[in-house]
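This is data.cif (mmCIF, C-alpha atoms).
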data_protein
#
loop_
_atom_site.label_atom_id
_atom_site.label_comp_id
_atom_site.auth_asym_id
_atom_site.auth_seq_id
_atom_site.Cartn_x
_atom_site.Cartn_y
_atom_site.Cartn_z
CA MET A 1 -24.18 -6.79 -27.65
CA ARG A 2 -20.99 -7.17 -25.60
CA ILE A 3 -19.39 -3.88 -24.58
CA ASP A 4 -16.15 -3.59 -22.56
CA LEU A 5 -15.21 0.05 -21.92
CA HIS A 6 -11.89 -0.26 -20.08
CA ALA A 7 -8.78 -1.89 -21.55
CA HIS A 8 -5.06 -1.12 -21.71
CA SER A 9 -2.38 -1.63 -24.35
CA THR A 10 1.39 -1.23 -24.46
CA ALA A 11 0.77 2.50 -24.87
CA SER A 12 0.61 2.38 -21.06
CA ASP A 13 0.83 -0.73 -18.87
CA GLY A 14 -0.86 -3.46 -20.89
CA THR A 15 1.05 -6.28 -22.56
CA SER A 16 -0.78 -6.28 -25.92
CA THR A 17 0.00 -3.71 -28.58
CA PRO A 18 -3.01 -1.65 -29.66
CA ALA A 19 -3.24 -3.75 -32.82
CA GLU A 20 -3.07 -6.98 -30.85
CA LEU A 21 -5.63 -5.69 -28.36
CA VAL A 22 -8.31 -5.03 -30.96
CA GLY A 23 -7.72 -8.48 -32.42
CA GLU A 24 -8.06 -10.04 -28.97
CA ALA A 25 -11.27 -8.09 -28.40
CA ALA A 26 -12.80 -9.44 -31.59
CA ALA A 27 -11.66 -12.98 -30.73
CA ALA A 28 -13.27 -12.60 -27.29
CA GLY A 29 -16.62 -11.87 -28.94
CA LEU A 30 -16.76 -8.19 -28.07
CA ASP A 31 -18.78 -5.80 -30.20
CA VAL A 32 -17.41 -2.62 -28.57
CA LEU A 33 -14.07 -1.91 -26.87
CA GLY A 34 -12.98 1.15 -24.93
CA LEU A 35 -9.24 1.86 -25.32
CA THR A 36 -8.29 3.65 -22.09
CA ASP A 37 -4.55 3.73 -21.58
CA HIS A 38 -3.18 5.66 -18.61
CA ASP A 39 -2.78 9.37 -19.33
CA THR A 40 -2.22 8.93 -23.05
CA THR A 41 -3.89 8.67 -26.44
CA GLY A 42 -0.74 7.10 -27.85
CA GLY A 43 -2.46 3.86 -28.86
CA TRP A 44 -5.45 5.37 -30.66
CA ALA A 45 -4.08 5.57 -34.21
CA GLU A 46 -2.69 2.02 -34.25
CA ALA A 47 -5.91 0.61 -32.80
CA PHE A 48 -8.03 2.47 -35.35
CA ALA A 49 -5.90 1.22 -38.23
CA ALA A 50 -5.99 -2.41 -37.04
CA ARG A 51 -9.67 -2.50 -36.02
CA PRO A 52 -11.32 -5.69 -37.28
CA ASP A 53 -14.65 -5.47 -39.08
CA GLY A 54 -17.51 -5.68 -36.62
CA LEU A 55 -15.64 -4.14 -33.69
CA THR A 56 -16.47 -0.60 -32.61
CA LEU A 57 -13.81 1.37 -30.74
CA VAL A 58 -14.55 3.98 -28.09
CA PRO A 59 -11.39 6.12 -27.76
CA GLY A 60 -10.51 7.26 -24.26
CA ALA A 61 -7.91 7.42 -21.53
CA GLU A 62 -7.67 6.70 -17.82
CA LEU A 63 -6.49 9.80 -15.96
CA SER A 64 -4.45 9.63 -12.76
CA LEU A 65 -6.12 12.02 -10.31
CA ARG A 66 -5.84 12.85 -6.62
CA TRP A 67 -8.28 14.04 -3.98
CA HIS A 68 -6.55 15.92 -1.21
CA GLY A 69 -9.13 14.91 1.33
CA ASP A 70 -9.70 15.76 4.95
CA THR A 71 -6.65 14.00 6.41
CA ARG A 72 -4.48 12.69 3.57
CA PRO A 73 -4.49 12.58 -0.25
CA ILE A 74 -6.16 9.63 -2.00
CA GLY A 75 -5.38 8.65 -5.57
CA LEU A 76 -8.17 7.78 -7.96
CA HIS A 77 -8.68 7.13 -11.65
CA MET A 78 -11.11 8.78 -14.04
CA LEU A 79 -12.05 7.26 -17.38
CA ALA A 80 -12.40 9.93 -20.06
CA TYR A 81 -14.25 8.94 -23.23
CA LEU A 82 -14.60 10.68 -26.59
CA PHE A 83 -12.55 13.79 -25.78
CA ASP A 84 -10.63 15.89 -28.29
CA PRO A 85 -7.06 14.47 -28.38
CA THR A 86 -5.75 17.83 -29.61
CA ASP A 87 -7.26 19.90 -26.78
CA ALA A 88 -4.32 22.00 -25.58
CA PRO A 89 -5.01 22.22 -21.82
CA LEU A 90 -5.72 18.50 -21.46
CA THR A 91 -2.85 17.30 -23.64
CA ALA A 92 -0.39 19.56 -21.82
CA GLU A 93 -1.45 18.21 -18.45
CA LEU A 94 -1.30 14.60 -19.63
CA ALA A 95 2.20 15.21 -20.99
CA ARG A 96 3.25 16.59 -17.60
CA VAL A 97 1.86 13.54 -15.81
CA ARG A 98 3.61 11.12 -18.18
CA ALA A 99 6.91 12.91 -17.67
CA ALA A 100 6.42 12.75 -13.90
CA ARG A 101 5.65 9.03 -14.15
CA GLU A 102 8.93 8.46 -15.96
CA THR A 103 10.90 10.43 -13.35
CA ARG A 104 9.14 8.49 -10.61
CA ALA A 105 9.92 5.12 -12.17
CA GLU A 106 13.58 6.08 -12.60
CA ARG A 107 13.81 7.10 -8.94
CA MET A 108 12.22 3.79 -7.90
CA THR A 109 14.82 1.98 -10.01
CA HIS A 110 17.56 3.80 -8.10
CA LEU A 111 15.99 2.75 -4.79
CA LEU A 112 16.06 -0.89 -5.88
CA ARG A 113 19.67 -0.59 -7.03
CA ALA A 114 20.66 1.02 -3.73
CA ASP A 115 19.50 -2.18 -2.03
CA GLY A 116 21.63 -4.31 -4.31
CA ILE A 117 18.89 -5.30 -6.78
CA ASP A 118 20.46 -5.15 -10.22
CA VAL A 119 17.58 -3.52 -12.13
CA THR A 120 18.56 -1.05 -14.82
CA TRP A 121 16.64 1.97 -16.02
CA ASP A 122 17.29 1.08 -19.66
CA GLU A 123 15.67 -2.29 -19.08
CA VAL A 124 12.58 -0.78 -17.44
CA ARG A 125 12.14 1.65 -20.33
CA ASP A 126 12.50 -1.22 -22.79
CA TYR A 127 9.63 -3.05 -21.09
CA ALA A 128 7.48 0.06 -21.59
CA GLY A 129 8.23 -0.10 -25.31
CA GLY A 130 7.85 3.63 -25.79
CA GLY A 131 4.60 3.77 -23.83
CA THR A 132 3.94 5.39 -20.46
CA VAL A 133 6.35 3.94 -17.87
CA GLY A 134 4.75 2.55 -14.73
CA ARG A 135 5.15 0.13 -11.85
CA PRO A 136 4.20 -2.91 -13.99
CA HIS A 137 7.39 -2.39 -15.99
CA LEU A 138 9.46 -2.39 -12.80
CA ALA A 139 7.54 -5.51 -11.80
CA GLN A 140 8.63 -7.20 -15.03
CA ALA A 141 12.26 -6.57 -14.15
CA LEU A 142 11.74 -8.12 -10.70
CA MET A 143 9.94 -11.11 -12.23
CA ARG A 144 12.73 -11.67 -14.71
CA ARG A 145 15.16 -11.99 -11.80
CA GLY A 146 12.93 -14.45 -9.99
CA LEU A 147 12.40 -12.08 -7.06
CA VAL A 148 8.61 -12.14 -7.45
CA GLY A 149 6.28 -14.48 -9.27
CA SER A 150 3.70 -12.00 -10.55
CA VAL A 151 2.84 -8.34 -10.90
CA THR A 152 0.47 -8.72 -7.96
CA GLU A 153 3.31 -9.99 -5.79
CA ALA A 154 5.55 -7.14 -6.98
CA PHE A 155 2.92 -4.68 -5.78
CA GLN A 156 3.04 -6.02 -2.22
CA PRO A 157 4.34 -3.66 0.53
CA GLN A 158 7.81 -5.24 0.69
CA TRP A 159 8.32 -4.36 -2.97
CA LEU A 160 6.66 -1.73 -5.14
CA GLY A 161 3.62 -1.33 -2.89
CA ALA A 162 5.44 0.57 -0.14
CA ARG A 163 9.15 -0.02 0.41
CA TYR A 164 10.23 1.04 -3.09
CA ARG A 165 7.20 3.12 -3.97
CA ILE A 166 7.35 6.86 -4.60
CA PRO A 167 4.08 8.84 -4.72
CA LYS A 168 2.76 9.84 -8.13
CA ASP A 169 2.43 13.44 -9.26
CA ASP A 170 -1.26 13.29 -10.15
CA ILE A 171 -3.84 15.87 -11.24
CA ASP A 172 -6.27 17.32 -8.71
CA VAL A 173 -9.58 15.51 -9.17
CA PHE A 174 -11.67 18.61 -9.80
CA GLU A 175 -9.09 20.01 -12.22
CA GLY A 176 -9.04 16.67 -14.04
CA LEU A 177 -12.81 16.65 -14.31
CA ARG A 178 -12.75 20.22 -15.62
CA LEU A 179 -10.13 19.31 -18.24
CA ILE A 180 -12.09 16.28 -19.47
CA LEU A 181 -15.29 18.28 -19.81
CA GLY A 182 -13.44 21.15 -21.45
CA ALA A 183 -12.11 18.76 -24.09
CA GLY A 184 -15.63 17.52 -24.84
CA GLY A 185 -15.09 14.25 -22.99
CA VAL A 186 -17.36 12.04 -20.92
CA PRO A 187 -16.00 11.36 -17.39
CA VAL A 188 -16.67 8.05 -15.61
CA PHE A 189 -15.14 7.33 -12.19
CA ALA A 190 -13.09 4.12 -12.53
CA HIS A 191 -13.52 1.36 -9.88
CA PRO A 192 -14.60 3.89 -7.21
CA ARG A 193 -15.22 1.31 -4.48
CA ALA A 194 -12.12 -0.88 -5.02
CA SER A 195 -11.04 -1.02 -1.38
CA VAL A 196 -8.76 -3.97 -2.20
CA ARG A 197 -6.47 -1.41 -3.90
CA GLY A 198 -6.17 0.86 -0.87
CA PRO A 199 -8.01 3.87 0.56
CA ILE A 200 -11.18 4.91 -1.26
CA VAL A 201 -12.87 8.29 -1.38
CA PRO A 202 -16.11 8.95 0.54
CA ASP A 203 -19.48 9.07 -1.16
CA SER A 204 -19.60 12.79 -0.33
CA LEU A 205 -16.84 13.40 -2.89
CA ILE A 206 -18.79 11.49 -5.55
CA VAL A 207 -21.78 13.70 -4.78
CA GLU A 208 -19.59 16.78 -5.33
CA LEU A 209 -18.17 15.36 -8.55
CA ALA A 210 -21.66 14.59 -9.84
CA ALA A 211 -22.64 18.20 -9.24
CA ALA A 212 -19.51 19.29 -11.15
CA GLY A 213 -20.24 17.18 -14.23
CA LEU A 214 -19.30 13.55 -13.52
CA PHE A 215 -21.25 11.35 -15.94
CA GLY A 216 -20.98 7.87 -14.48
CA LEU A 217 -19.52 5.26 -12.15
CA GLU A 218 -17.72 2.09 -13.20
CA ALA A 219 -19.82 -0.01 -10.83
CA ASP A 220 -19.24 -3.49 -12.27
CA HIS A 221 -15.51 -4.13 -11.88
CA THR A 222 -13.63 -7.23 -10.79
CA ASP A 223 -12.10 -5.34 -7.86
CA HIS A 224 -15.60 -4.65 -6.48
CA SER A 225 -17.32 -7.18 -4.25
CA PRO A 226 -21.01 -7.87 -4.94
CA ARG A 227 -21.87 -5.55 -2.06
CA GLU A 228 -19.63 -2.77 -3.41
CA GLN A 229 -21.19 -3.14 -6.87
CA ALA A 230 -24.66 -2.83 -5.37
CA GLU A 231 -23.63 0.25 -3.39
CA MET A 232 -22.32 1.94 -6.53
CA HIS A 233 -25.44 1.14 -8.53
CA ALA A 234 -27.61 2.58 -5.75
CA LEU A 235 -25.51 5.75 -5.45
CA ALA A 236 -25.48 6.25 -9.23
CA GLU A 237 -29.26 5.91 -9.37
CA ARG A 238 -29.64 8.46 -6.58
CA LEU A 239 -27.34 10.94 -8.34
CA GLY A 240 -28.63 10.38 -11.86
CA LEU A 241 -25.34 8.88 -13.12
CA VAL A 242 -24.88 6.02 -15.56
CA THR A 243 -23.14 2.81 -14.47
CA THR A 244 -20.65 0.92 -16.61
CA GLY A 245 -19.06 -2.50 -16.45
CA SER A 246 -15.56 -3.25 -17.71
CA SER A 247 -12.73 -5.73 -17.49
CA ASP A 248 -9.86 -3.25 -16.92
CA TYR A 249 -7.86 -5.63 -19.11
CA HIS A 250 -4.05 -5.42 -18.90
CA GLY A 251 -3.08 -8.56 -20.82
CA THR A 252 -0.74 -10.91 -18.96
CA HIS A 253 -0.13 -8.32 -16.23
CA LYS A 254 -3.46 -9.40 -14.72
CA THR A 255 -5.60 -12.54 -14.82
CA VAL A 256 -8.80 -10.69 -15.79
CA ARG A 257 -9.99 -11.45 -19.33
CA LEU A 258 -11.57 -9.12 -21.86
CA GLY A 259 -15.33 -8.99 -21.43
CA ALA A 260 -15.20 -10.10 -17.79
CA ARG A 261 -17.62 -7.23 -17.07
CA THR A 262 -19.74 -5.45 -19.66
CA THR A 263 -21.75 -2.27 -20.15
CA ALA A 264 -25.40 -2.09 -21.22
CA PRO A 265 -26.03 -0.84 -24.80
CA GLU A 266 -28.32 1.94 -23.59
CA VAL A 267 -25.52 3.28 -21.37
CA LEU A 268 -23.11 3.32 -24.30
CA GLU A 269 -25.72 5.25 -26.31
CA ARG A 270 -25.85 7.90 -23.59
CA ILE A 271 -22.05 8.15 -23.44
CA VAL A 272 -21.79 8.52 -27.22
CA ALA A 273 -24.52 11.17 -27.23
CA ALA A 274 -22.68 13.13 -24.53
CA GLY A 275 -19.23 13.01 -26.19
CA ARG A 276 -18.35 16.19 -28.08
CA GLY A 277 -14.59 15.87 -28.64
CA SER A 278 -14.33 12.75 -30.81
CA GLY A 279 -16.51 9.89 -31.99
CA VAL A 280 -16.58 6.13 -31.94
CA VAL A 281 -14.75 4.30 -34.72
CA GLY A 282 -16.58 1.54 -36.52
#

Please express the file's structure as structure tokens.
Amino acid sequence: MRIDLHAHSTASDGTSTPAELVGEAAAAGLDVLGLTDHDTTGGWAEAFAARPDGLTLVPGAELSLRWHGDTRPIGLHMLAYLFDPTDAPLTAELARVRAARETRAERMTHLLRADGIDVTWDEVRDYAGGGTVGRPHLAQALMRRGLVGSVTEAFQPQWLGARYRIPKDDIDVFEGLRLILGAGGVPVFAHPRASVRGPIVPDSLIVELAAAGLFGLEADHTDHSPREQAEMHALAERLGLVTTGSSDYHGTHKTVRLGARTTAPEVLERIVAAGRGSGVVG
């Protein structure tokens, strides 16, 4: 059984529509797919309607959170599975974050234009296609002008990684965890050891999160080295958390393919048993 619990569609910053994504998952030989767009459930209905026979969908989202830390804030992502998409506190907070993302992207567009780069806000929104606007959509505009060759290059410090980057308005990590649990969801810390992405949180925070209800760690991720994967498996075992494996698929925005990392069936069973807000489809 091949289970990939982390994938994105055009509802956030993937390049495949939800309908296309479920078709790609089936073609890749997956039995189970987790739909986890950033801060939105906007792709759920389309994915459910287009689901091919034989593919099970685990509805979820990837929440943008922030730990305020000892010296400076650190951003992190939390995968939320099987929560109630109508839960008022969670949906209100996700709506606030999406609105803040759009304001942020518009401000970053103005920074680019101030330096003579002819990127328009209408164009960036068009790339998002009605989904959550993010840096990958700004990257598409830069790629179209031949200024960068890939999304990865666009995220370098001289572009959207630092010079033209504006901090996100994220949710406090403990508030985010509380909201997920309150909506009946199952929280799994996404790529917690991905130091290639920037600063990572200390293990002491993961210990605190586990005590507050964290369910698992996404240990097997392409942004984790073998050593980092091993460290996360060991920490999860010590804390009694499950470990998942996922591709974090974004379509052509990244080179990682669906099913590049997978989750064990017994772990999926535990996640499904813990979910109280919604159920798997299929």

**Fill in**
Of A:Ala190, A:Ala264, A:Ile180, A:Leu112, the one nearest to Ala7 in chain A when counting all atoms listed in the file is A:Ala190

**Request:** Report as a PyMOL selection string the residues that result from applying the PyMOL selection byres ((chain A and resi 152) around 10) to the structure here.
**Result:** chain A and resi 136+139+148-151+153-156+160-161+253-255

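In this structure, CA of Asp223 in chain A sits 5.3 Å away from CA of Ala194 in chain A.
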
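When the PyMOL selection byres ((chain A and resi 111) around 12) is evaluated against the file, it yields A:Arg104, A:Ala105, A:Glu106, A:Arg107, A:Met108, A:Thr109, A:His110, A:Leu112, A:Arg113, A:Ala114, A:Asp115, A:Gly116, A:Ile117, A:Asp118, A:Val119, A:Thr120, A:Trp121, A:Leu138, A:Trp159, A:Leu160, A:Ala162, A:Arg163, A:Tyr164, A:Arg165, A:Ile166.
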
Please produce, as CSV, a per-residue contact table for range 153-196 of chain A versus range 22-39 of chain A (criterion: any atom at most 12 Å away, all atoms listed in the file considered), showing the nearest atom pair and its distance in Å to one decimal, sorted by chain then residue number.
residue,atom,partner,partner_atom,distance
A:Asp170,CA,A:Asp39,CA,10.1
A:Ile171,CA,A:Asp39,CA,10.4
A:Gly176,CA,A:Asp39,CA,11.0
A:Ile180,CA,A:Asp39,CA,11.6
A:Pro187,CA,A:Thr36,CA,11.9
A:Val188,CA,A:Thr36,CA,11.5
A:Ala190,CA,A:Thr36,CA,10.7

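Interatomic distance, CA of Phe189 in chain A to CA of Gly216 in chain A: 6.3 Å.
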
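Pairwise distance (CA of Arg66 in chain A, CA of Gly129 in chain A) equals 26.7 Å.
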
**Prompt:** Counting only C-alpha atoms, what is within 12 Å of Leu65 in chain A, bar same-chain residues fewer than 6 positions away, as a ChimeraX atom specification?
**Reply:** /A:38-39,73-80,93-94,97,168-180,189-190,201

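Near Val133 in chain A, within 7 Å and counting all atoms listed in the file, sit Ser12, Arg101, Glu102, Ala105, Arg125, Ala128 and His137 of chain A; same-chain residues fewer than 4 positions away were not included.
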
Go ahead and write the selection's residues with C-alpha atoms as a PDB file, in the frame of the given file.
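Result file is selection-v3.pdb:
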ATOM      1  CA  SER A  12       0.610   2.380 -21.060  1.00  0.00           C
ATOM      2  CA  ARG A 101       5.650   9.030 -14.150  1.00  0.00           C
ATOM      3  CA  GLU A 102       8.930   8.460 -15.960  1.00  0.00           C
ATOM      4  CA  ALA A 105       9.920   5.120 -12.170  1.00  0.00           C
ATOM      5  CA  ARG A 125      12.140   1.650 -20.330  1.00  0.00           C
ATOM      6  CA  ALA A 128       7.480   0.060 -21.590  1.00  0.00           C
ATOM      7  CA  HIS A 137       7.390  -2.390 -15.990  1.00  0.00           C
TER       8      HIS A 137
END

Got a sec: who's within 12 Å of Gly240 in chain A, counting all atoms listed in the file, leaving out chain neighbours fewer than 3 positions off, as a compact mmCIF listing (two decimals) with C-alpha atoms, in the frame of the given file?
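Okay, this is what ended up in part_34.txt:
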# COMPACT_ATOMS: atom_id res chain seq x y z
CA ILE A 206 -18.79 11.49 -5.55
CA VAL A 207 -21.78 13.70 -4.78
CA ALA A 210 -21.66 14.59 -9.84
CA ALA A 211 -22.64 18.20 -9.24
CA GLY A 213 -20.24 17.18 -14.23
CA LEU A 214 -19.30 13.55 -13.52
CA PHE A 215 -21.25 11.35 -15.94
CA GLY A 216 -20.98 7.87 -14.48
CA LEU A 217 -19.52 5.26 -12.15
CA MET A 232 -22.32 1.94 -6.53
CA HIS A 233 -25.44 1.14 -8.53
CA ALA A 234 -27.61 2.58 -5.75
CA LEU A 235 -25.51 5.75 -5.45
CA ALA A 236 -25.48 6.25 -9.23
CA GLU A 237 -29.26 5.91 -9.37
CA THR A 243 -23.14 2.81 -14.47

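Using all atoms listed in the file for every distance, the candidate list A:Glu208, A:Asp126, A:Glu266, A:Asp248 yields A:Asp248 as the residue closest to Asp220 in chain A.
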
**Message:** Nearest residue to Asp4 in chain A out of A:Thr40, A:Thr263, A:Ser195, A:Thr56, using all atoms listed in the file?
**Reply:** A:Thr263

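Closest approach to Glu269 in chain A from the set A:Gly182, A:Gln158, A:Val58, A:Gly146 is made by A:Val58, with distances taken over only C-alpha atoms.
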
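Of the residues listed (A:Ala88, A:Gly134, A:Pro52, A:Ala100), A:Gly134 shows the shortest atom-to-atom separation from Asp13 in chain A; distances use only C-alpha atoms.
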
**Prompt:** Which of these, A:Gln140, A:Thr132, A:Gln229, A:Thr222, has the shortest distance to Arg261 in chain A once you count only C-alpha atoms?
**Reply:** A:Thr222

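Take the PyMOL selection byres ((chain A and resi 1) around 7) and apply it to this file: it picks Arg2, Ile3, Asp31 and Pro265 of chain A.
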
May I have the residues from that selection written out with C-alpha atoms, as a PDB file, in the frame of the given file?
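The resulting file, out_31.pdb, is reproduced below:
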ATOM      1  CA  ARG A   2     -20.990  -7.170 -25.600  1.00  0.00           C
ATOM      2  CA  ILE A   3     -19.390  -3.880 -24.580  1.00  0.00           C
ATOM      3  CA  ASP A  31     -18.780  -5.800 -30.200  1.00  0.00           C
ATOM      4  CA  PRO A 265     -26.030  -0.840 -24.800  1.00  0.00           C
TER       5      PRO A 265
END
